[in-house]
file coords-v6.csv (CSV, C-alpha atoms)
chain,number,residue,atom,x,y,z
A,26,MET,CA,30.2,-24.1,67.4
A,27,TYR,CA,32.4,-25.5,64.7
A,28,TYR,CA,31.6,-28.8,62.9
A,29,MET,CA,34.4,-30.9,61.4
A,30,ILE,CA,33.7,-33.3,58.5
A,31,SER,CA,36.2,-36.0,58.0
A,32,ILE,CA,37.9,-36.5,54.7
A,33,ARG,CA,36.6,-40.1,54.7
A,34,LYS,CA,33.0,-38.9,54.6
A,35,LEU,CA,33.7,-36.5,51.8
A,36,TYR,CA,35.5,-39.0,49.7
A,37,PRO,CA,32.5,-40.6,48.0
A,38,VAL,CA,31.2,-37.1,47.1
A,39,LEU,CA,34.5,-36.0,45.7
A,40,LEU,CA,34.8,-39.2,43.7
A,41,SER,CA,31.3,-38.6,42.1
A,42,LEU,CA,32.2,-35.0,41.2
A,43,THR,CA,35.4,-36.1,39.6
A,44,ALA,CA,33.7,-38.7,37.5
A,45,LEU,CA,31.0,-36.2,36.4
A,46,LEU,CA,33.6,-33.6,35.4
A,47,LEU,CA,35.5,-36.2,33.4
A,48,ALA,CA,32.3,-37.3,31.6
A,49,LEU,CA,31.5,-33.7,30.7
A,50,GLY,CA,35.0,-33.1,29.4
A,51,MET,CA,34.8,-36.1,27.2
A,52,THR,CA,31.4,-35.2,25.7
A,53,GLY,CA,32.3,-31.5,25.3
A,54,CYS,CA,34.8,-32.2,22.5
A,55,ILE,CA,32.6,-33.0,19.5
A,56,LYS,CA,33.4,-33.4,15.8
A,57,GLY,CA,33.1,-30.2,13.9
A,58,LYS,CA,30.9,-31.9,11.3
A,59,ASN,CA,28.7,-33.7,13.9
A,60,PRO,CA,25.6,-31.8,14.8
A,61,THR,CA,24.4,-34.4,17.3
A,62,GLY,CA,26.8,-33.2,19.9
A,63,ASN,CA,28.6,-36.5,20.7
A,64,ASN,CA,31.6,-38.4,19.7
A,65,TRP,CA,30.1,-41.9,19.2
A,66,SER,CA,27.6,-40.9,16.4
A,67,ASP,CA,28.5,-41.4,12.8
A,68,VAL,CA,25.7,-39.1,11.7
A,69,TYR,CA,26.6,-35.8,10.0
A,70,PRO,CA,25.1,-33.6,7.3
A,71,LEU,CA,25.0,-34.7,3.7
A,72,THR,CA,24.3,-32.7,0.6
A,73,TYR,CA,22.8,-33.5,-2.7
A,74,THR,CA,22.0,-31.5,-5.8
A,75,ASP,CA,19.3,-32.2,-8.4
A,76,SER,CA,18.8,-30.5,-11.7
A,77,THR,CA,16.7,-33.2,-13.4
A,78,SER,CA,13.5,-33.3,-11.4
A,79,PHE,CA,11.9,-30.0,-12.6
A,80,VAL,CA,8.4,-30.7,-13.9
A,81,THR,CA,7.0,-27.3,-15.0
A,82,GLY,CA,7.4,-23.6,-14.5
A,83,TYR,CA,6.1,-20.3,-15.9
A,84,SER,CA,5.8,-16.6,-15.2
A,85,PHE,CA,2.5,-14.9,-14.1
A,86,PRO,CA,1.4,-11.4,-13.0
A,87,GLY,CA,1.7,-10.5,-9.3
A,88,SER,CA,-0.3,-8.0,-7.3
A,89,GLY,CA,1.4,-4.8,-6.0
A,90,ARG,CA,0.4,-1.2,-5.4
A,91,VAL,CA,2.0,2.1,-4.5
A,92,THR,CA,1.2,3.0,-0.8
A,93,GLY,CA,2.8,6.5,-0.7
A,94,THR,CA,5.2,5.4,2.1
A,95,GLU,CA,8.0,4.2,-0.1
A,96,SER,CA,11.5,5.5,0.7
A,97,LYS,CA,12.1,6.3,-3.0
A,98,LEU,CA,10.2,8.1,-5.7
A,99,LEU,CA,10.2,6.4,-9.1
A,100,CYS,CA,10.2,8.4,-12.3
A,101,GLY,CA,10.7,6.9,-15.7
A,102,ASN,CA,9.5,5.9,-19.2
A,103,TYR,CA,11.3,2.6,-19.6
A,104,SER,CA,10.6,-0.7,-21.4
A,105,GLY,CA,7.0,0.3,-21.9
A,106,GLU,CA,6.4,1.3,-18.3
A,107,GLU,CA,5.8,5.0,-17.4
A,108,VAL,CA,6.1,6.2,-13.9
A,109,MET,CA,5.4,9.8,-12.9
A,110,ALA,CA,6.6,11.3,-9.5
A,111,VAL,CA,4.3,13.6,-7.7
A,112,MET,CA,4.9,15.8,-4.6
A,113,ARG,CA,3.0,18.4,-2.6
A,114,PHE,CA,4.6,21.4,-0.8
A,115,THR,CA,2.7,23.3,1.9
A,116,SER,CA,3.1,26.5,4.0
A,117,LEU,CA,3.9,28.6,0.9
A,118,PRO,CA,3.4,32.4,1.5
A,119,GLU,CA,0.5,34.4,0.1
A,120,ASP,CA,0.6,37.9,-1.4
A,121,PHE,CA,4.3,37.8,-2.2
A,122,TYR,CA,6.6,38.2,-5.2
A,123,ILE,CA,10.1,37.0,-6.2
A,124,PRO,CA,12.3,40.0,-7.2
A,125,GLY,CA,13.8,40.0,-10.6
A,126,GLY,CA,17.2,38.5,-11.0
A,127,TYR,CA,16.4,35.8,-8.3
A,128,GLN,CA,16.1,33.0,-10.8
A,129,ASP,CA,19.2,31.2,-9.5
A,130,SER,CA,17.6,30.9,-6.1
A,131,THR,CA,14.4,29.5,-7.4
A,132,TYR,CA,14.6,25.7,-7.9
A,133,LEU,CA,13.4,22.2,-7.1
A,134,GLU,CA,16.0,20.2,-5.3
A,135,LEU,CA,16.1,16.4,-5.7
A,136,THR,CA,18.4,13.8,-4.3
A,137,LEU,CA,18.9,11.0,-6.9
A,138,VAL,CA,20.1,7.5,-6.0
A,139,LYS,CA,19.9,5.7,-9.3
A,140,ARG,CA,19.4,6.2,-13.0
A,141,SER,CA,19.1,4.1,-16.1
A,142,PRO,CA,22.3,3.1,-17.9
A,143,ALA,CA,24.0,6.2,-19.2
A,144,GLN,CA,25.1,4.6,-22.4
A,145,ARG,CA,21.5,4.1,-23.6
A,146,PHE,CA,19.8,7.5,-23.3
A,147,PRO,CA,20.3,10.7,-21.3
A,148,VAL,CA,17.8,11.1,-18.4
A,149,GLU,CA,15.9,14.3,-19.0
A,150,LEU,CA,13.4,15.6,-16.4
A,151,SER,CA,10.4,17.8,-17.1
A,152,VAL,CA,8.5,19.4,-14.2
A,153,TYR,CA,4.7,20.0,-14.3
A,154,LYS,CA,2.3,21.8,-12.1
A,155,LEU,CA,-0.5,19.5,-11.0
A,156,SER,CA,-3.9,21.1,-10.6
A,157,GLN,CA,-5.7,18.3,-9.0
A,158,SER,CA,-6.3,17.0,-5.5
A,159,TRP,CA,-4.6,13.6,-4.9
A,160,VAL,CA,-3.7,11.2,-2.1
A,161,ALA,CA,-0.5,9.2,-2.0
A,162,ASP,CA,-2.0,5.7,-2.3
A,163,SER,CA,-4.4,6.6,-5.1
A,164,THR,CA,-2.1,8.3,-7.6
A,165,GLY,CA,-3.6,6.2,-10.4
A,166,LEU,CA,-6.5,8.7,-10.4
A,167,ILE,CA,-4.2,11.6,-11.5
A,168,GLN,CA,-5.2,12.8,-15.0
A,169,ASP,CA,-2.6,14.2,-17.5
A,170,ALA,CA,-5.2,16.8,-18.4
A,171,ASN,CA,-4.5,18.5,-15.1
A,172,LEU,CA,-0.8,18.8,-15.8
A,173,THR,CA,0.8,22.1,-17.0
A,174,LEU,CA,4.4,22.0,-18.2
A,175,LEU,CA,6.6,24.4,-16.2
A,176,THR,CA,10.0,23.6,-17.8
A,177,PRO,CA,9.9,23.7,-21.6
A,178,GLN,CA,13.6,22.9,-21.6
A,179,ALA,CA,14.1,19.5,-19.9
A,180,PHE,CA,16.8,19.2,-17.2
A,181,THR,CA,19.5,16.6,-17.9
A,182,ILE,CA,20.8,14.7,-14.8
A,183,PRO,CA,24.4,13.6,-14.5
A,184,ASP,CA,25.7,10.4,-16.1
A,185,SER,CA,27.0,9.2,-12.8
A,186,ILE,CA,24.8,8.9,-9.7
A,187,SER,CA,26.1,8.1,-6.2
A,188,SER,CA,24.2,5.4,-4.3
A,189,ALA,CA,24.5,7.7,-1.3
A,190,GLY,CA,22.6,10.4,-3.2
A,191,THR,CA,23.5,13.0,-5.9
A,192,VAL,CA,21.7,16.4,-5.4
A,193,VAL,CA,20.4,18.2,-8.5
A,194,LYS,CA,18.7,21.6,-8.6
A,195,ILE,CA,16.1,22.1,-11.3
A,196,PRO,CA,15.3,25.8,-12.1
A,197,LEU,CA,11.6,26.7,-11.9
A,198,PRO,CA,10.0,29.7,-13.5
A,199,MET,CA,9.5,32.4,-10.9
A,200,ASP,CA,6.0,33.2,-12.1
A,201,ALA,CA,4.9,29.6,-11.5
A,202,ILE,CA,5.9,29.9,-7.9
A,203,GLU,CA,4.2,33.3,-7.5
A,204,ASN,CA,1.0,31.8,-8.9
A,205,TRP,CA,1.2,28.5,-7.0
A,206,GLU,CA,-2.3,28.5,-5.6
A,207,SER,CA,-4.9,26.3,-7.3
A,208,ALA,CA,-8.6,25.9,-6.7
A,209,ALA,CA,-8.3,22.3,-7.7
A,210,ASP,CA,-5.8,21.5,-4.9
A,211,THR,CA,-6.2,23.7,-1.9
A,212,LEU,CA,-3.9,21.6,0.2
A,213,GLY,CA,-0.7,23.0,-1.3
A,214,PHE,CA,1.5,23.4,-4.4
A,215,SER,CA,1.7,20.1,-6.3
A,216,LEU,CA,4.4,19.2,-8.8
A,217,ALA,CA,4.8,16.2,-11.1
A,218,ILE,CA,8.0,15.0,-12.8
A,219,LYS,CA,8.3,12.9,-16.0
A,220,THR,CA,11.4,11.6,-17.9
A,221,GLY,CA,12.1,11.3,-21.5
A,222,ALA,CA,11.9,8.1,-23.5
A,223,GLU,CA,13.8,4.9,-22.4
A,224,SER,CA,15.1,6.3,-19.2
A,225,PHE,CA,14.4,6.3,-15.5
A,226,THR,CA,15.7,7.7,-12.2
A,227,GLU,CA,15.0,7.0,-8.5
A,228,ILE,CA,14.6,9.9,-6.1
A,229,MET,CA,14.7,10.0,-2.3
A,230,SER,CA,11.2,10.5,-0.9
A,231,GLU,CA,10.1,12.5,2.1
A,232,ASP,CA,9.9,9.2,4.0
A,233,SER,CA,13.7,9.0,3.7
A,234,GLY,CA,14.2,12.4,5.4
A,235,ARG,CA,15.9,13.7,2.2
A,236,GLY,CA,12.9,14.2,0.0
A,237,PRO,CA,12.2,16.8,-2.7
A,238,LYS,CA,12.8,20.4,-1.5
A,239,LEU,CA,11.4,23.6,-3.0
A,240,ARG,CA,13.5,26.7,-2.5
A,241,PHE,CA,13.1,30.4,-3.4
A,242,LEU,CA,13.7,33.9,-2.0
A,243,TYR,CA,10.8,36.3,-1.9
A,244,GLN,CA,9.4,39.5,-0.4
A,245,LEU,CA,5.9,40.2,0.8
A,246,ASP,CA,3.7,42.6,-1.2
A,247,SER,CA,3.0,44.6,2.0
A,248,GLU,CA,6.7,45.3,2.6
A,249,ALA,CA,9.0,47.9,1.2
A,250,GLU,CA,11.4,46.9,-1.5
A,251,SER,CA,14.3,47.6,0.9
A,252,ALA,CA,13.0,44.9,3.3
A,253,ALA,CA,15.2,41.9,3.8
A,254,ASP,CA,14.6,38.9,1.7
A,255,ARG,CA,12.6,36.0,3.1
A,256,GLU,CA,13.4,32.4,2.2
A,257,TYR,CA,11.1,29.4,1.6
A,258,GLY,CA,13.0,26.2,1.8
A,259,LEU,CA,10.8,23.2,2.8
A,260,ARG,CA,10.7,19.6,1.8
A,261,ALA,CA,7.6,18.0,0.4
A,262,THR,CA,5.0,17.0,3.0
A,263,GLN,CA,3.7,14.3,0.8
A,264,ASP,CA,5.0,12.5,-2.3
A,265,SER,CA,4.3,9.4,-4.3
A,266,TYR,CA,4.2,8.2,-7.9
A,267,ARG,CA,1.8,7.0,-10.6
A,268,VAL,CA,2.5,3.8,-12.5
A,269,ASP,CA,1.1,3.3,-16.0
A,270,SER,CA,1.8,-0.1,-17.4
A,271,ASP,CA,0.1,-3.2,-18.6
A,272,LEU,CA,-0.4,-6.3,-16.4
A,273,ALA,CA,2.5,-8.6,-16.7
A,274,PRO,CA,1.8,-11.5,-19.1
A,275,LEU,CA,1.5,-15.2,-18.4
A,276,LEU,CA,4.6,-16.7,-20.0
A,277,ALA,CA,4.8,-20.4,-20.5
A,278,ASP,CA,8.3,-21.9,-20.2
A,279,ARG,CA,9.9,-18.6,-19.1
A,280,TRP,CA,10.9,-17.3,-15.7
A,281,VAL,CA,10.8,-13.5,-15.4
A,282,VAL,CA,10.8,-11.6,-12.1
A,283,SER,CA,10.0,-7.9,-12.4
A,284,ASN,CA,9.0,-5.1,-10.0
A,285,ILE,CA,7.1,-2.5,-12.0
A,286,SER,CA,4.3,-4.6,-13.6
A,287,PRO,CA,5.1,-7.3,-11.1
A,288,SER,CA,5.9,-10.7,-12.5
A,289,ARG,CA,6.4,-13.8,-10.4
A,290,LEU,CA,7.6,-17.4,-11.0
A,291,TYR,CA,6.0,-20.7,-10.5
A,292,VAL,CA,8.5,-23.6,-10.1
A,293,ASN,CA,7.4,-27.2,-9.7
A,294,PHE,CA,9.8,-30.1,-9.1
A,295,ALA,CA,9.4,-33.7,-8.1
A,296,MET,CA,11.0,-34.7,-4.8
A,297,ASP,CA,13.4,-37.5,-5.5
A,298,TYR,CA,13.4,-39.2,-2.1
A,299,ALA,CA,16.0,-41.7,-3.3
A,300,LYS,CA,18.6,-39.0,-2.9
A,301,PHE,CA,18.1,-39.0,0.9
A,302,ARG,CA,20.7,-41.6,2.0
A,303,ASN,CA,22.5,-42.6,5.2
A,304,THR,CA,26.1,-41.7,5.9
A,305,PRO,CA,28.7,-44.1,4.4
A,306,GLU,CA,29.7,-45.1,7.9
A,307,ASN,CA,26.1,-46.3,8.4
A,308,GLY,CA,25.9,-48.2,5.1
A,309,GLY,CA,25.0,-45.3,2.8
A,310,GLY,CA,21.6,-46.8,1.9
A,311,VAL,CA,18.5,-44.9,0.9
A,312,LEU,CA,16.5,-43.7,4.0
A,313,ASN,CA,13.2,-45.4,4.4
A,314,ASP,CA,10.1,-43.3,4.7
A,315,GLN,CA,10.2,-43.2,8.5
A,316,GLN,CA,13.9,-42.3,8.5
A,317,ARG,CA,13.4,-39.6,5.9
A,318,LYS,CA,10.5,-38.0,7.7
A,319,ARG,CA,12.7,-37.7,10.8
A,320,ALA,CA,15.7,-36.2,8.9
A,321,THR,CA,16.6,-32.6,9.6
A,322,ILE,CA,16.8,-30.3,6.6
A,323,ASN,CA,19.8,-28.1,7.5
A,324,TYR,CA,19.6,-26.0,4.3
A,325,ALA,CA,17.8,-26.1,1.0
A,326,ALA,CA,17.8,-23.6,-1.9
A,327,LEU,CA,16.8,-23.2,-5.5
A,328,VAL,CA,19.7,-22.0,-7.6
A,329,LEU,CA,18.6,-20.1,-10.7
A,330,TYR,CA,20.9,-18.8,-13.4
A,331,VAL,CA,20.5,-15.3,-14.7
A,332,LYS,CA,19.7,-14.9,-18.4
A,333,GLU,CA,19.1,-11.2,-18.4
A,334,ASN,CA,19.7,-8.6,-15.7
A,335,PRO,CA,19.6,-5.0,-16.8
A,336,TYR,CA,19.1,-3.6,-13.2
A,337,TYR,CA,20.8,-5.4,-10.4
A,338,GLY,CA,24.6,-4.8,-10.2
A,339,THR,CA,27.3,-6.2,-8.0
A,340,THR,CA,26.4,-3.8,-5.2
A,341,LEU,CA,22.6,-3.6,-5.5
A,342,GLN,CA,20.8,-6.3,-3.6
A,343,TYR,CA,17.9,-8.3,-4.9
A,344,SER,CA,15.3,-9.6,-2.5
A,345,LEU,CA,13.4,-12.8,-3.4
A,346,ARG,CA,11.1,-15.0,-1.4
A,347,GLY,CA,10.1,-18.6,-2.1
A,348,ASP,CA,6.5,-19.3,-1.0
A,349,ARG,CA,5.1,-22.8,-0.7
A,350,VAL,CA,2.0,-23.5,-2.9
A,351,ASN,CA,-0.6,-25.0,-0.6
A,352,ASP,CA,-3.2,-25.7,-3.3
A,353,SER,CA,-3.1,-28.3,-6.1
A,354,LEU,CA,-2.8,-26.8,-9.6
A,355,ASN,CA,-3.2,-28.0,-13.1
A,356,VAL,CA,0.4,-27.6,-13.9
A,357,ALA,CA,-0.1,-28.3,-17.6
A,358,VAL,CA,-1.7,-24.9,-18.0
A,359,PRO,CA,-0.1,-21.6,-16.8
A,360,VAL,CA,-2.5,-19.9,-14.3
A,361,GLU,CA,-2.3,-16.9,-12.0
A,362,ILE,CA,-1.6,-17.9,-8.4
A,363,SER,CA,-3.2,-15.8,-5.7
A,364,ASP,CA,-1.7,-14.9,-2.3
A,365,ALA,CA,-4.3,-17.0,-0.7
A,366,GLN,CA,-2.9,-20.1,-2.4
A,367,VAL,CA,0.6,-19.8,-0.9
A,368,SER,CA,2.3,-19.8,2.5
A,369,SER,CA,5.1,-17.3,3.0
A,370,GLY,CA,8.7,-18.6,3.1
A,371,ILE,CA,12.1,-17.1,3.8
A,372,THR,CA,13.3,-14.0,2.1
A,373,SER,CA,16.8,-14.2,0.5
A,374,GLN,CA,18.7,-11.0,0.1
A,375,ALA,CA,22.0,-10.9,-1.7
A,376,VAL,CA,23.8,-9.4,-4.8
A,377,VAL,CA,24.0,-11.4,-8.0
A,378,ARG,CA,27.3,-13.3,-7.8
A,379,GLY,CA,28.5,-14.3,-11.2
A,380,ASP,CA,25.4,-15.4,-13.0
A,381,SER,CA,23.4,-17.2,-10.3
A,382,VAL,CA,20.8,-16.3,-7.7
A,383,VAL,CA,20.0,-18.4,-4.7
A,384,VAL,CA,16.5,-18.6,-3.1
A,385,ASN,CA,16.3,-20.2,0.4
A,386,ILE,CA,13.5,-22.7,0.6
A,387,THR,CA,14.6,-24.7,3.7
A,388,PRO,CA,11.2,-24.8,5.5
A,389,LEU,CA,9.5,-25.9,2.3
A,390,ILE,CA,11.8,-28.9,1.7
A,391,GLN,CA,11.5,-29.8,5.4
A,392,ALA,CA,7.7,-29.8,5.1
A,393,TYR,CA,7.9,-32.0,2.0
A,394,SER,CA,10.5,-34.5,3.3
A,395,SER,CA,8.6,-34.8,6.7
A,396,GLY,CA,5.4,-35.6,4.8
A,397,ASP,CA,3.6,-32.6,6.4
A,398,HIS,CA,2.8,-31.0,3.0
A,399,GLU,CA,2.5,-32.1,-0.6
A,400,PRO,CA,5.2,-30.8,-3.0
A,401,TRP,CA,2.8,-28.7,-5.1
A,402,GLY,CA,5.5,-26.2,-6.1
A,403,VAL,CA,7.1,-22.9,-5.2
A,404,VAL,CA,6.2,-19.3,-6.1
A,405,ILE,CA,9.2,-16.9,-6.2
A,406,ARG,CA,8.4,-13.3,-5.9
A,407,SER,CA,10.4,-10.1,-5.6
A,408,MET,CA,10.1,-8.3,-2.3
A,409,GLN,CA,10.7,-5.1,-4.2
A,410,GLU,CA,7.6,-5.1,-6.3
A,411,MET,CA,6.5,-1.5,-7.2
A,412,LEU,CA,9.7,-0.2,-5.5
A,413,ASN,CA,12.1,0.0,-8.5
A,414,PHE,CA,12.6,-0.8,-12.1
A,415,GLY,CA,14.3,-4.1,-11.3
A,416,LYS,CA,13.9,-7.1,-13.6
A,417,MET,CA,15.6,-10.4,-14.0
A,418,GLU,CA,15.0,-13.3,-16.4
A,419,PHE,CA,16.4,-16.7,-15.5
A,420,TRP,CA,17.2,-19.7,-17.6
A,421,HIS,CA,14.3,-22.1,-17.8
A,422,PHE,CA,15.0,-25.8,-17.4
A,423,THR,CA,13.5,-26.5,-20.8
A,424,ASP,CA,16.1,-24.5,-22.8
A,425,ALA,CA,19.0,-23.8,-20.4
A,426,PRO,CA,22.4,-24.6,-21.9
A,427,ASN,CA,24.8,-26.8,-20.0
A,428,GLY,CA,25.9,-25.2,-16.7
A,429,LYS,CA,22.8,-22.9,-16.6
A,430,LYS,CA,20.2,-25.4,-15.6
A,431,PRO,CA,18.3,-24.6,-12.4
A,432,LYS,CA,19.0,-27.0,-9.5
A,433,LEU,CA,17.8,-27.9,-6.1
A,434,LEU,CA,20.4,-28.0,-3.4
A,435,VAL,CA,19.6,-29.8,-0.2
A,436,THR,CA,21.8,-30.3,3.0
A,437,TYR,CA,20.2,-32.7,5.5
A,438,THR,CA,21.1,-34.8,8.5
A,439,PRO,CA,19.8,-38.4,8.8
A,440,PRO,CA,18.2,-39.3,12.1
A,441,TYR,CA,20.6,-40.6,14.8
A,442,LEU,CA,18.3,-43.2,16.1
call {"tool": "encode", "arguments": {"input": "coords-v6.csv", "output": "structure tokens"}}
result
Amino acid sequence: MYYMISIRKLYPVLLSLTALLLALGMTGCIKGKNPTGNNWSDVYPLTYTDSTSFVTGYSFPGSGRVTGTESKLLCGNYSGEEVMAVMRFTSLPEDFYIPGGYQDSTYLELTLVKRSPAQRFPVELSVYKLSQSWVADSTGLIQDANLTLLTPQAFTIPDSISSAGTVVKIPLPMDAIENWESAADTLGFSLAIKTGAESFTEIMSEDSGRGPKLRFLYQLDSEAESAADREYGLRATQDSYRVDSDLAPLLADRWVVSNISPSRLYVNFAMDYAKFRNTPENGGGVLNDQQRKRATINYAALVLYVKENPYYGTTLQYSLRGDRVNDSLNVAVPVEISDAQVSSGITSQAVVRGDSVVVNITPLIQAYSSGDHEPWGVVIRSMQEMLNFGKMEFWHFTDAPNGKKPKLLVTYTPPYL
């Protein structure tokens, strides 16, 4: 059976659909600067900068430790901080010897990814046998008395190192390999590496898949001299590094971020709520407390200007995080701030562009402007603590020259209703 519906009965439905489509078409076209999604609102984001509201700020020591799961091994003696790389090789043969003349095939292979500036000092590596048991997250217990130098002549690495990795091969004495066993470390053959003065290098670790590799050709004692050579060529099964440095100092009126001997910043600024204003189309007046608390913080950042930066280049990213201080402090006296006194913020990763660094603190400013939290300050820390020799000092607001003063940058949208 077929049912026929007259056009007259469908007319009201078609009319309603046409009106709905027309309305959707009109509201679909919005102003590019209008986040409210309509054409009749004069509300759009506004931005202000403030470089005059900083109250206090200083540097203080952070907490960091070596876990043994880092993707790079550090090795250096730089700016008063000494770091020694350690590694363990396992599954070495027993009752074997390395035939004479095989020195060229007996070496430690390392993949380097960074070094200290070539114009300062050459980077010379010395290899030691470590006769001591150790674990990767407790390398601070390694004693120098248990180190035996294997390479009286230091190995000099190239002046230029590729960020993708430059492979070097450090010759090792054959008798050191033949006598690898140690009663003090029955888990394997442990080596340690140090550098000369005022230099450092970074080495891919076993966690990267391109860690240190020990290589040599050998023959078993039980085999005839005419037997085919055997080859040992395995990467370290465990590696880590020992850091010897003093705790970072408390520095009044200075902002220093460093990774080895971690140093963090405390930055305190007063929120100038008079800078939160309405759009010119809506009178441009200062938002009252209720309006400000309902404003949306689209983006907020601390812009710091670099005073000294010996490590981070134009291609190497820094990684900084601004944490909200959730505890009242006596800001007149520099004090260490524990992790329990802060709430984690957003991590900013970028390269240093020109002479400035930007730290995203959007959720912090939203919490302040909405009245949810008191503006007790911000802790800025490196997310690369204990992972490299990175260090940056920023201009402090008390002595920064013109154009280098830190500033707060805030983009916000006043409430529509």
call {"tool": "residues_near_point", "arguments": {"input": "coords-v6.csv", "point": "(3.9, 18.4, 0.2)", "cutoff": "7 Å", "atoms": "all atoms listed in the file", "output": "ChimeraX atom specification"}}
result
/A:112-115,213,261-264
call {"tool": "closest_residue", "arguments": {"input": "coords-v6.csv", "among": "A:Lys97, A:Lys430, A:Lys219, A:Arg279", "to": "Glu149 (chain A)", "atoms": "only C-alpha atoms"}}
result
A:Lys219
call {"tool": "residues_around", "arguments": {"input": "coords-v6.csv", "residues": "Val91 (chain A)", "least_positions_apart": "3", "cutoff": "8 Å", "atoms": "only C-alpha atoms", "output": "list of chain:residue names"}}
result
A:Glu95, A:Ala161, A:Asp162, A:Ser163, A:Ser265, A:Tyr266, A:Arg267, A:Met411
call {"tool": "atom_distance", "arguments": {"input": "coords-v6.csv", "atom1": "CA of Ala217 (chain A)", "atom2": "CA of Tyr153 (chain A)"}}
result
5.0 Å
call {"tool": "residues_near_point", "arguments": {"input": "coords-v6.csv", "point": "(6.1, 19.3, -5.4)", "cutoff": "12 Å", "atoms": "all atoms listed in the file", "output": "NGL selection string"}}
result
:A and (98 or 110-115 or 117 or 132-135 or 152-156 or 175 or 195 or 197 or 202 or 205 or 212-218 or 230-231 or 236-240 or 259-266)
call {"tool": "atom_distance", "arguments": {"input": "coords-v6.csv", "atom1": "CA of Val376 (chain A)", "atom2": "CA of Tyr343 (chain A)"}}
result
6.0 Å
call {"tool": "atom_distance", "arguments": {"input": "coords-v6.csv", "atom1": "CA of Gly428 (chain A)", "atom2": "CA of Ala326 (chain A)"}}
result
16.9 Å
call {"tool": "residues_around", "arguments": {"input": "coords-v6.csv", "residues": "region 71-81 of chain A", "least_positions_apart": "2", "cutoff": "7 Å", "atoms": "all atoms listed in the file", "output": "list in words"}}
result
Tyr69, Val292, Asn293, Phe294, Ala295, Lys300, Val356, Lys430, Pro431, Lys432, Leu433, Leu434, Val435, Thr436, Tyr437 and Thr438 of chain A
call {"tool": "closest_residue", "arguments": {"input": "coords-v6.csv", "among": "A:Glu399, A:Asp348, A:Glu227, A:Asp246", "to": "Ser363 (chain A)", "atoms": "all atoms listed in the file"}}
result
A:Asp348
call {"tool": "closest_residue", "arguments": {"input": "coords-v6.csv", "among": "A:Ala143, A:Ile405, A:Leu137, A:Ile285", "to": "Met229 (chain A)", "atoms": "only C-alpha atoms"}}
result
A:Leu137
call {"tool": "closest_residue", "arguments": {"input": "coords-v6.csv", "among": "A:Leu272, A:Val138, A:Leu242, A:Ile167", "to": "Gly125 (chain A)", "atoms": "all atoms listed in the file"}}
result
A:Leu242
call {"tool": "closest_residue", "arguments": {"input": "coords-v6.csv", "among": "A:Tyr324, A:Tyr336, A:Tyr441, A:Phe422", "to": "Ile390 (chain A)", "atoms": "all atoms listed in the file"}}
result
A:Tyr324
call {"tool": "residues_around", "arguments": {"input": "coords-v6.csv", "residues": "Ser353 (chain A)", "least_positions_apart": "3", "cutoff": "12 Å", "atoms": "all atoms listed in the file", "output": "PDB file with C-alpha atoms, keeping the file's coordinate frame"}}
result
ATOM      1  CA  ASN A 293       7.400 -27.200  -9.700  1.00  0.00           C
ATOM      2  CA  ARG A 349       5.100 -22.800  -0.700  1.00  0.00           C
ATOM      3  CA  VAL A 350       2.000 -23.500  -2.900  1.00  0.00           C
ATOM      4  CA  VAL A 356       0.400 -27.600 -13.900  1.00  0.00           C
ATOM      5  CA  ALA A 357      -0.100 -28.300 -17.600  1.00  0.00           C
ATOM      6  CA  VAL A 360      -2.500 -19.900 -14.300  1.00  0.00           C
ATOM      7  CA  ILE A 362      -1.600 -17.900  -8.400  1.00  0.00           C
ATOM      8  CA  GLN A 366      -2.900 -20.100  -2.400  1.00  0.00           C
ATOM      9  CA  VAL A 367       0.600 -19.800  -0.900  1.00  0.00           C
ATOM     10  CA  HIS A 398       2.800 -31.000   3.000  1.00  0.00           C
ATOM     11  CA  GLU A 399       2.500 -32.100  -0.600  1.00  0.00           C
ATOM     12  CA  PRO A 400       5.200 -30.800  -3.000  1.00  0.00           C
ATOM     13  CA  TRP A 401       2.800 -28.700  -5.100  1.00  0.00           C
ATOM     14  CA  GLY A 402       5.500 -26.200  -6.100  1.00  0.00           C
ATOM     15  CA  VAL A 403       7.100 -22.900  -5.200  1.00  0.00           C
TER      16      VAL A 403
END
call {"tool": "closest_residue", "arguments": {"input": "coords-v6.csv", "among": "A:Thr372, A:Val281, A:Tyr337, A:Asn204", "to": "Lys139 (chain A)", "atoms": "only C-alpha atoms"}}
result
A:Tyr337
call {"tool": "axis_aligned_box", "arguments": {"input": "coords-v6.csv", "around": "region 122-125 of chain A", "padding_each_side": "6 Å", "output": "lines of an AutoDock Vina configuration file"}}
result
center_x = 10.2
center_y = 38.5
center_z = -7.9
size_x = 19.2
size_y = 15.0
size_z = 17.4
